[in-house]
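Below is final-v8.txt, which holds compact mmCIF, C-alpha atoms.
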# COMPACT_ATOMS: atom_id res chain seq x y z
CA MET S 1 0.00 0.00 0.00
CA ALA S 2 2.93 2.34 0.73
CA ASN S 3 4.28 1.79 -2.77
CA ALA S 4 0.85 2.40 -4.28
CA ALA S 5 0.45 5.57 -2.23
CA GLY S 6 3.89 6.74 -3.33
CA SER S 7 3.04 6.05 -6.96
CA VAL S 8 -0.20 7.97 -6.64
CA PHE S 9 1.64 10.84 -4.95
CA GLN S 10 4.23 10.90 -7.70
CA ALA S 11 1.53 10.84 -10.35
CA LEU S 12 -0.32 13.69 -8.63
CA ARG S 13 2.91 15.59 -8.28
CA GLY S 14 3.67 15.15 -11.97
CA LEU S 15 0.14 16.19 -12.89
CA VAL S 16 0.36 19.31 -10.73
CA ALA S 17 3.79 20.17 -12.19
CA GLY S 18 2.47 19.70 -15.73
CA LEU S 19 -0.63 21.81 -15.05
CA TRP S 20 1.52 24.48 -13.45
CA ALA S 21 4.00 24.47 -16.34
CA TYR S 22 1.09 24.84 -18.74
CA ALA S 23 -0.76 27.49 -16.75
CA ALA S 24 2.19 29.56 -15.47
CA PRO S 25 3.06 31.45 -18.67
CA ARG S 26 -0.61 32.03 -19.43
CA LEU S 27 -1.27 33.29 -15.93
CA ALA S 28 1.76 35.56 -16.20
CA ALA S 29 0.47 36.95 -19.47
CA LEU S 30 -3.00 37.36 -17.95
CA ALA S 31 -1.59 39.17 -14.93
CA SER S 32 0.52 41.47 -17.15
CA TRP S 33 -2.61 42.21 -19.21
CA ALA S 34 -5.00 42.54 -16.28
CA ALA S 35 -2.82 44.61 -13.92
CA PRO S 36 -3.06 47.97 -15.73
CA ARG S 37 -6.65 47.32 -16.78
CA GLY S 38 -7.63 46.33 -13.25
CA ARG S 39 -6.25 49.56 -11.88
CA ALA S 40 -8.14 51.51 -14.53
CA LEU S 41 -11.32 49.52 -13.71
CA LEU S 42 -11.02 50.23 -9.97
CA GLN S 43 -10.47 53.93 -10.67
CA GLY S 44 -13.55 53.97 -12.94
CA VAL S 45 -15.67 52.11 -10.39
CA THR S 46 -14.56 54.49 -7.67
CA ARG S 47 -15.48 57.51 -9.74
CA LEU S 48 -18.83 55.91 -10.70
CA LEU S 49 -19.69 55.11 -7.09
CA THR S 50 -18.78 58.63 -6.06
CA SER S 51 -21.01 60.14 -8.74
CA LEU S 52 -23.91 57.76 -7.91
CA TRP S 53 -23.63 58.56 -4.25
CA GLN S 54 -23.72 62.23 -4.97
CA GLY S 55 -26.74 61.70 -7.32
CA LEU S 56 -28.60 59.64 -4.79
CA ALA S 57 -28.00 62.21 -2.14
CA ALA S 58 -29.48 64.81 -4.45
CA ARG S 59 -32.57 62.85 -5.52
CA GLY S 60 -33.47 61.69 -2.06
CA ARG S 61 -35.45 58.70 -0.93
CA ALA S 62 -37.46 58.22 -4.16
CA VAL S 63 -34.66 56.39 -5.87
CA ALA S 64 -33.06 54.79 -2.80
CA PRO S 65 -34.03 51.13 -3.61
CA PHE S 66 -32.64 51.36 -7.13
CA ALA S 67 -29.44 53.01 -5.88
CA ARG S 68 -28.91 50.33 -3.27
CA ALA S 69 -29.29 47.60 -5.89
CA SER S 70 -26.87 49.31 -8.30
CA LEU S 71 -24.41 49.95 -5.51
CA GLY S 72 -24.49 46.26 -4.57
CA VAL S 73 -23.74 45.21 -8.14
CA LEU S 74 -20.85 47.61 -8.41
CA VAL S 75 -19.42 46.56 -5.04
CA VAL S 76 -19.56 42.90 -6.07
CA SER S 77 -17.87 43.73 -9.38
CA ALA S 78 -15.13 45.67 -7.61
CA LEU S 79 -14.58 42.81 -5.17
CA LEU S 80 -14.35 40.32 -8.03
CA ALA S 81 -11.82 42.53 -9.88
CA GLY S 82 -9.76 43.00 -6.72
CA GLY S 83 -9.80 39.29 -6.02
CA LEU S 84 -8.66 38.54 -9.57
CA LEU S 85 -5.79 41.02 -9.24
CA ALA S 86 -4.87 39.65 -5.82
CA ALA S 87 -4.89 36.09 -7.15
CA GLY S 88 -2.75 37.11 -10.15
CA GLY S 89 -0.32 39.03 -7.91
CA GLY S 90 0.02 36.06 -5.57
CA LEU S 91 1.10 33.79 -8.44
CA PHE S 92 4.13 35.98 -9.33
CA VAL S 93 7.00 37.67 -7.55
CA ARG S 94 8.88 40.70 -8.85
CA ILE S 95 12.70 40.59 -8.43
CA PRO S 96 14.27 44.10 -8.37
CA ALA S 97 17.17 44.92 -10.67
CA ASP S 98 19.56 45.44 -7.71
CA ALA S 99 18.87 42.02 -6.16
CA ILE S 100 19.77 38.37 -6.69
CA ALA S 101 16.89 35.93 -6.02
CA VAL S 102 17.12 32.33 -4.84
CA ARG S 103 13.99 30.10 -4.87
CA GLN S 104 13.34 27.59 -2.12
CA VAL S 105 10.69 24.89 -2.61
CA GLN S 106 9.19 24.10 0.80
CA TRP S 107 7.25 20.96 -0.17
CA GLY S 108 7.08 18.66 -3.16
CA GLY S 109 10.57 19.67 -4.37
CA ALA S 110 14.34 19.55 -3.74
CA GLY S 111 14.52 22.56 -1.41
CA ILE S 112 16.85 25.43 -2.44
CA GLU S 113 17.43 25.53 -6.19
CA ALA S 114 21.11 25.39 -7.18
CA ARG S 115 20.99 28.49 -9.38
CA ASP S 116 20.50 32.24 -9.11
CA GLN S 117 17.34 33.79 -10.54
CA ARG S 118 17.54 36.82 -12.79
CA PRO S 119 15.76 40.11 -11.98
CA GLY S 120 12.25 40.46 -13.35
CA LEU S 121 8.86 38.76 -12.94
CA GLN S 122 9.12 35.16 -11.66
CA ARG S 123 6.26 32.67 -11.15
CA ARG S 124 5.35 31.61 -7.63
CA LEU S 125 3.04 29.05 -6.09
CA PRO S 126 1.73 30.53 -2.82
CA GLY S 127 2.51 28.38 0.19
CA ARG S 128 4.86 26.06 -1.75
CA GLU S 129 7.78 28.40 -2.61
CA LEU S 130 9.84 30.84 -0.62
CA TRP S 131 11.99 33.47 -2.33
CA HIS S 132 15.23 34.86 -0.84
CA GLU S 133 16.66 38.15 -2.09
CA LEU S 134 20.33 39.09 -1.72
CA ARG S 135 21.92 42.40 -2.56
CA ALA S 136 23.52 42.52 -6.00
CA GLY S 137 26.29 44.87 -7.09
CA THR S 138 29.18 46.15 -4.99
CA HIS S 139 29.38 45.98 -1.21
CA LEU S 140 31.72 48.42 0.51
CA ILE S 141 33.73 47.90 3.68
CA VAL S 142 35.23 51.16 4.94
CA PHE S 143 37.57 51.04 7.94
CA ALA S 144 37.58 54.75 8.82
CA ALA S 145 36.19 57.34 11.18
CA PRO S 146 32.42 57.99 10.94
CA GLU S 147 32.98 61.58 9.79
CA SER S 148 35.02 60.16 6.89
CA GLY S 149 32.22 57.80 5.84
CA GLY S 150 33.52 54.78 7.72
CA THR S 151 31.30 51.75 8.24
CA HIS S 152 33.72 50.15 10.73
CA ASP S 153 36.40 51.35 13.10
CA ARG S 154 39.86 52.13 11.81
CA LEU S 155 42.44 49.36 11.90
CA GLU S 156 44.73 49.57 14.91
CA ILE S 157 48.06 47.91 14.20
CA ALA S 158 51.56 47.76 15.62
CA THR S 159 54.44 48.47 13.26
CA VAL S 160 57.63 46.45 13.15
CA GLU S 161 59.16 48.89 15.67
CA GLY S 162 56.14 48.43 17.96
CA GLU S 163 54.56 51.82 17.28
CA THR S 164 50.75 52.05 17.39
CA CYS S 165 49.12 53.24 14.17
CA LEU S 166 45.50 53.79 13.12
CA VAL S 167 44.96 53.02 9.44
CA SER S 168 41.97 53.68 7.20
CA ALA S 169 41.25 51.21 4.38
CA VAL S 170 38.52 50.50 1.83
CA VAL S 171 37.64 47.07 0.40
CA PRO S 172 34.83 46.83 -2.20
CA TYR S 173 33.55 43.30 -2.84
CA ARG S 174 30.63 41.47 -4.41
CA ILE S 175 28.99 38.07 -4.42
CA LEU S 176 30.61 35.67 -6.84
CA ALA S 177 28.62 35.32 -10.04
CA GLY S 178 26.24 32.34 -9.79
CA SER S 179 27.08 31.69 -6.09
CA ALA S 180 24.23 33.46 -4.28
CA HIS S 181 22.31 30.18 -3.85
CA ARG S 182 25.37 28.73 -2.07
CA LEU S 183 25.19 31.49 0.55
CA VAL S 184 21.53 30.59 1.15
CA MET S 185 22.32 26.86 1.30
CA GLU S 186 25.10 27.42 3.85
CA GLY S 187 22.93 29.70 6.00
CA MET S 188 24.93 32.86 5.32
CA ARG S 189 22.18 34.80 3.58
CA THR S 190 22.30 37.56 6.21
CA ASP S 191 25.65 36.80 7.86
CA TYR S 192 28.04 37.00 4.88
CA PRO S 193 28.73 40.78 5.34
CA VAL S 194 29.89 40.10 8.92
CA ARG S 195 32.13 37.28 7.75
CA ALA S 196 33.54 39.45 4.95
CA VAL S 197 34.38 42.21 7.44
CA ALA S 198 36.11 39.74 9.77
CA ILE S 199 38.21 38.24 6.95
CA CYS S 200 39.18 41.66 5.57
CA ARG S 201 40.11 42.96 9.02
CA ARG S 202 42.31 39.93 9.80
CA VAL S 203 44.12 39.97 6.45
CA LEU S 204 44.73 43.72 6.51
CA LEU S 205 46.03 43.63 10.08
CA GLU S 206 48.47 40.86 9.19
CA GLU S 207 49.70 42.59 6.03
CA LEU S 208 49.99 46.07 7.53
CA ALA S 209 51.89 44.72 10.55
CA THR S 210 54.83 43.91 8.22
CA LEU S 211 55.52 47.61 7.57
CA THR S 212 57.81 49.93 9.44
CA ALA S 213 56.80 53.47 10.37
CA GLU S 214 58.84 54.92 7.50
CA GLN S 215 57.39 52.45 4.97
CA PHE S 216 53.89 53.77 5.64
CA ALA S 217 54.96 57.01 3.98
CA ASP S 218 56.23 55.20 0.87
CA PRO S 219 53.50 54.91 -1.84
CA GLY S 220 55.32 52.06 -3.56
CA THR S 221 55.46 49.98 -0.36
CA ARG S 222 51.78 50.65 0.36
CA ALA S 223 50.91 49.59 -3.19
CA ALA S 224 52.80 46.31 -2.67
CA VAL S 225 50.89 45.68 0.57
CA GLU S 226 47.60 46.41 -1.21
CA ALA S 227 48.48 43.91 -3.95
CA ASN S 228 49.44 41.20 -1.42
CA ALA S 229 46.28 41.78 0.63
CA LEU S 230 44.12 41.63 -2.50
CA GLY S 231 45.66 38.31 -3.50
CA ARG S 232 44.99 36.81 -0.07
CA LEU S 233 41.45 38.15 0.08
CA ARG S 234 40.61 36.61 -3.28
CA THR S 235 41.53 33.23 -1.88
CA GLU S 236 39.93 33.58 1.56
CA LEU S 237 36.73 35.36 0.49
CA ALA S 238 36.18 32.80 -2.25
CA VAL S 239 35.46 30.28 0.54
CA ALA S 240 32.55 32.56 1.55
CA HIS S 241 31.50 32.86 -2.14
CA LEU S 242 32.63 36.49 -2.27
CA GLU S 243 35.04 38.34 -4.55
CA PRO S 244 37.14 41.42 -3.56
CA LEU S 245 37.52 44.07 -6.25
CA GLU S 246 40.45 46.02 -4.82
CA VAL S 247 42.16 47.16 -1.63
CA ARG S 248 42.95 50.80 -0.94
CA ILE S 249 44.91 52.07 2.07
CA GLY S 250 43.94 55.59 3.08
CA GLU S 251 45.12 57.91 5.83
CA PHE S 252 47.11 56.68 8.83
CA PHE S 253 47.81 58.24 12.24
CA PHE S 254 50.54 57.45 14.78
CA ASP S 255 50.43 57.96 18.52
CA GLY S 256 51.25 61.47 19.80
CA THR S 257 54.46 60.27 21.46
CA TYR S 258 55.63 58.89 18.16
CA GLU S 259 56.29 62.35 16.73
CA LYS S 260 58.39 63.27 19.76
CA LYS S 261 60.28 60.01 19.51
CA MET S 262 60.79 60.51 15.77
CA LEU S 263 62.03 64.07 16.41
CA GLU S 264 64.55 62.78 18.95
CA GLN S 265 65.65 60.07 16.57
CA GLN S 266 65.91 62.62 13.78
CA LEU S 267 68.02 64.93 15.94
CA SER S 268 70.21 62.04 17.00
CA SER S 269 70.60 60.85 13.45
CA GLN S 270 71.25 64.46 12.37
CA ASP S 271 74.04 64.74 14.94
CA GLN S 272 75.49 61.47 13.75
CA LEU S 273 75.24 62.62 10.17
CA THR S 274 76.90 65.92 11.11
CA GLN S 275 79.77 64.13 12.86
CA ALA S 276 80.12 61.70 9.99
CA THR S 277 80.05 64.60 7.53
CA LEU S 278 82.73 66.52 9.47
CA LEU S 279 84.89 63.40 9.70
CA GLU S 280 84.42 62.77 6.02
CA ARG S 281 85.25 66.41 5.34
CA HIS S 282 88.51 66.19 7.33
CA GLN S 283 89.44 62.98 5.58
CA GLN S 284 88.62 64.56 2.24
CA GLU S 285 90.71 67.64 3.09
CA ARG S 286 93.64 65.37 4.04
CA LEU S 287 93.21 63.45 0.82
CA ASN S 288 92.96 66.72 -1.09
CA ALA S 289 96.18 67.96 0.53
CA GLU S 290 97.96 64.72 -0.32
CA GLU S 291 96.60 64.85 -3.84
CA LYS S 292 97.67 68.50 -4.16
CA GLY S 293 101.16 67.55 -3.00
CA ARG S 294 101.33 64.78 -5.56
CA GLN S 295 100.07 67.14 -8.22
CA ASP S 296 102.64 69.80 -7.23
CA ASP S 297 105.43 67.21 -7.37
CA ALA S 298 104.20 65.98 -10.72
CA GLU S 299 103.94 69.56 -11.97
CA ALA S 300 107.47 70.35 -10.77
CA ALA S 301 108.79 67.22 -12.46
CA LEU S 302 107.00 68.16 -15.66
CA ARG S 303 108.30 71.73 -15.46
CA LYS S 304 111.87 70.44 -14.97
CA GLN S 305 111.47 68.00 -17.81
CA PHE S 306 110.09 70.70 -20.07
CA ALA S 307 112.90 73.08 -19.03
CA LEU S 308 115.52 70.45 -19.90
CA ARG S 309 113.83 69.79 -23.20
CA GLU S 310 113.64 73.52 -23.83
CA GLU S 311 117.38 73.95 -23.11
CA ALA S 312 118.20 71.00 -25.33
CA LEU S 313 116.06 72.41 -28.09
CA LYS S 314 117.64 75.87 -27.67
CA ASP S 315 121.14 74.34 -27.86
CA ALA S 316 120.19 72.31 -30.90
CA HIS S 317 118.62 75.35 -32.51
CA SER S 318 121.70 77.48 -31.71
CA LEU S 319 124.03 74.92 -33.22
CA ARG S 320 121.79 74.60 -36.22
CA LEU S 321 121.63 78.40 -36.55
CA ILE S 322 125.43 78.67 -36.35
CA GLU S 323 125.77 75.97 -38.97
CA LEU S 324 123.28 77.73 -41.19
CA GLN S 325 125.04 81.07 -40.67
CA ARG S 326 128.38 79.51 -41.51
CA SER S 327 126.93 77.81 -44.53
CA ALA S 328 125.31 81.08 -45.60
CA GLU S 329 128.50 83.08 -45.09
CA SER S 330 130.52 80.47 -46.94
CA ALA S 331 128.03 80.42 -49.78
CA ARG S 332 127.94 84.24 -49.76
CA ALA S 333 131.72 84.45 -49.85
CA GLU S 334 131.89 81.94 -52.68
CA GLN S 335 129.17 83.74 -54.59
CA LEU S 336 130.84 87.15 -53.94
CA ALA S 337 134.17 85.78 -55.11
CA GLU S 338 132.60 84.31 -58.20
CA ALA S 339 130.73 87.58 -58.78
CA GLU S 340 133.88 89.68 -58.35
CA VAL S 341 135.77 87.44 -60.75
CA ARG S 342 132.92 87.67 -63.19
CA VAL S 343 132.76 91.43 -62.74
CA LEU S 344 136.45 91.69 -63.38
CA GLU S 345 136.12 89.48 -66.42
CA LEU S 346 133.16 91.50 -67.67
CA ASN S 347 134.99 94.79 -66.92
CA GLY S 348 138.01 93.56 -68.84
CA GLU S 349 135.90 92.43 -71.71
CA GLY S 350 134.03 95.73 -71.65
CA GLU S 351 137.23 97.78 -71.62
CA LEU S 352 138.64 95.70 -74.45
CA ALA S 353 135.41 96.12 -76.35
CA LEU S 354 135.42 99.91 -75.68
CA ALA S 355 139.03 100.16 -76.77
CA ALA S 356 138.32 98.19 -79.90
CA ALA S 357 135.23 100.29 -80.53
CA GLU S 358 137.25 103.50 -80.01
CA ASP S 359 139.95 102.28 -82.38
CA LEU S 360 137.30 101.32 -84.87
CA ARG S 361 135.62 104.71 -84.42
CA ARG S 362 138.86 106.55 -84.95
CA SER S 363 139.82 104.49 -87.98
CA LEU S 364 136.35 104.89 -89.40
CA PHE S 365 136.37 108.63 -88.63
CA ASP S 366 139.74 109.04 -90.25
CA GLU S 367 138.52 107.13 -93.25
CA ALA S 368 135.43 109.30 -93.31
CA LEU S 369 137.47 112.46 -93.11
CA GLN S 370 139.68 111.31 -95.95
CA SER S 371 136.69 110.87 -98.21
CA PRO S 372 135.34 113.77 -100.27
CA GLY S 373 132.35 114.09 -98.08
CA GLY S 374 134.61 114.19 -95.06
CA ARG S 375 136.65 116.92 -96.53
CA LEU S 376 133.45 118.78 -97.32
CA HIS S 377 132.34 118.29 -93.78
CA VAL S 378 135.64 119.64 -92.52
CA ALA S 379 135.43 122.55 -94.88
CA ARG S 380 131.87 123.23 -93.72
CA GLN S 381 132.94 123.24 -90.13
CA ALA S 382 135.81 125.48 -91.01
CA ALA S 383 133.44 127.74 -92.78
CA GLU S 384 131.10 127.71 -89.84
CA ASN S 385 133.95 128.49 -87.53
CA LEU S 386 135.29 131.16 -89.82
CA ARG S 387 134.99 134.61 -88.37
CA PHE S 388 135.90 137.68 -90.35
CA GLY S 389 137.05 140.80 -88.76
CA SER S 390 137.37 144.03 -90.58
CA VAL S 391 138.74 143.10 -94.04
CA THR S 392 139.16 145.48 -96.87
CA LEU S 393 139.35 143.92 -100.29
CA ASP S 394 140.10 145.59 -103.46
CA THR S 395 137.53 144.49 -105.89
CA ARG S 396 139.51 145.77 -108.70
CA ASP S 397 142.31 143.39 -108.04
CA PRO S 398 141.67 140.24 -110.02
CA ARG S 399 143.34 138.19 -107.40
CA VAL S 400 140.79 139.11 -104.81
CA PRO S 401 138.09 136.43 -104.59
CA ASN S 402 134.47 137.26 -104.95
CA LEU S 403 132.67 136.36 -101.74
CA LEU S 404 129.43 135.85 -103.53
CA ASP S 405 131.00 133.21 -105.72
CA LEU S 406 130.71 130.11 -103.58
CA ASP S 407 132.76 127.88 -105.86
CA GLN S 408 135.61 130.28 -105.86
CA LEU S 409 135.31 130.69 -102.10
CA VAL S 410 135.36 126.96 -101.53
CA GLN S 411 138.22 126.53 -103.82
CA LEU S 412 140.04 129.19 -101.89
CA LEU S 413 139.40 127.54 -98.57
CA VAL S 414 139.75 123.91 -99.52
CA GLY S 415 142.10 124.06 -102.39
CA SER S 416 141.90 123.48 -106.02
CA GLY S 417 142.91 119.83 -105.64
CA SER S 418 139.91 119.02 -103.57
CA VAL S 419 137.46 120.63 -105.91
CA ARG S 420 138.96 118.85 -108.77
CA SER S 421 138.69 115.57 -106.94
CA GLY S 422 135.09 116.34 -106.29
CA ASP S 423 134.46 117.23 -109.86
CA GLU S 424 136.12 114.11 -111.03
CA ARG S 425 133.89 112.01 -108.84
With the file now loaded, output its structure as structure tokens.
Amino acid sequence: MANAAGSVFQALRGLVAGLWAYAAPRLAALASWAAPRGRALLQGVTRLLTSLWQGLAARGRAVAPFARASLGVLVVSALLAGGLLAAGGGLFVRIPADAIAVRQVQWGGAGIEARDQRPGLQRRLPGRELWHELRAGTHLIVFAAPESGGTHDRLEIATVEGETCLVSAVVPYRILAGSAHRLVMEGMRTDYPVRAVAICRRVLLEELATLTAEQFADPGTRAAVEANALGRLRTELAVAHLEPLEVRIGEFFFDGTYEKKMLEQQLSSQDQLTQATLLERHQQERLNAEEKGRQDDAEAALRKQFALREEALKDAHSLRLIELQRSAESARAEQLAEAEVRVLELNGEGELALAAAEDLRRSLFDEALQSPGGRLHVARQAAENLRFGSVTLDTRDPRVPNLLDLDQLVQLLVGSGSVRSGDER
């Protein structure tokens, strides 16, 4: 009988599931169609009832039975419309866009469904199903002061030196895609934010405790700590079906005595640096003095070497100059001697040539004078040089020459032999 009852139950369950699968989309469509129209119908009925009531109040008791009958019909219609809308609204559930829904079947099913439902209108069987909504999008954990928008207290850590430091940090996270139903199954539907805060606080305290006080002021070191903390949180929050997006370290504050201690350390280190700098300066001055001495010695050696080279070059140049002067004087003397000899030779040749030319001139002149023309030339010169004083000639004497007769005058001066020679020629 138990097996028969189970078979009947399974058959009924299958029949109900089939009827529901068949009717669900149609009911959803009916509800989508009837919802706006039902609201319009209720508004129209309300306005109609208001107008009828006002009309009945005006007309009085004469029409009271008819008004009561009409009012009853309208009330029944309104109740039927409201019941239809209520029944349609009870068959569906609306999932907001900023939520993740998980369906839980309370009877006749497998309990919590192993998948996340999308936002929108989802079917529902009243009394059989229970819907759980979780927050979608980004969750924010802010370890900071309330005036800075903090959701939790600042992280109090101890640095490597043991100094107390208050650190602000921000960790945005979200539910892993497709893992919201796991949070519901594991009973963390409302407790996962608390677990996320605890994990983030523990990891950040452990990572920040590895820094020194000076490293807090280094952006590169803080970025490395943020990267390490993000890597650890991805692993540890994944166990809680969560996913960190990033880790950001904000402002940090040290204890008031820390500044005094740091100032003392800074003064002490400054004194040490001053002493070290003075010692280094003295050492450098000593090294500079030694180096200057070496440079002076090297410079003196170079100067001496250059002086010796200069003297050697001067001596070599002097000897070369003397040799050149001697060679020049010797060449000059030889050239002067050769020139004097040549001058003497040329002078002798010139004198001989002048003597020969003079002899030739004289011989040629004598020959010229012995010619008729030469004699004429001599006679002409004699005539030109002839100067008469006071001469008295007797023109009656036939022996007196006639001065106007040139031939006779020439013959007188030159001689008859010359004229005859000229005539003969």
Atom CA of Leu344 of chain S and atom CA of Arg361 of chain S are how many Å apart?
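Separation between atom CA of Leu344 of chain S and atom CA of Arg361 of chain S: 24.8 Å.
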Ref. answer, residues at most 10 Å from (32.2, 42.3, -8.4) with all atoms listed in the file, as a list in words:
Ala136, Gly137, Thr138, His139, Pro172, Tyr173, Arg174, Ile175, Leu176, Ala177, Leu242, Glu243, Pro244, Leu245 and Glu246 of chain S
In Å to one decimal, how far is atom CA of Glu161 of chain S from atom CA of Asp218 of chain S?
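Interatomic distance here is 16.4 Å.
Comparing S:Glu285, S:Glu340, S:Glu113, S:Glu345 by their smallest distance to Leu130 of chain S, the closest is S:Glu113 (using all atoms listed in the file).
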Env of Thr210 of chain S: 12 Å cut, atoms = only C-alpha atoms, seq-sep filter 6 positions within chain, self excluded. Answer as number ranges by chain.
S: 157-162, 203-204, 216, 221-222, 224-225, 228-229
Record the distance separating atom CA of Val102 of chain S and atom CA of His181 of chain S, expressed in Å with one decimal.
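Taking atom CA of Val102 of chain S as the start and atom CA of His181 of chain S as the end point, the length is 5.7 Å.
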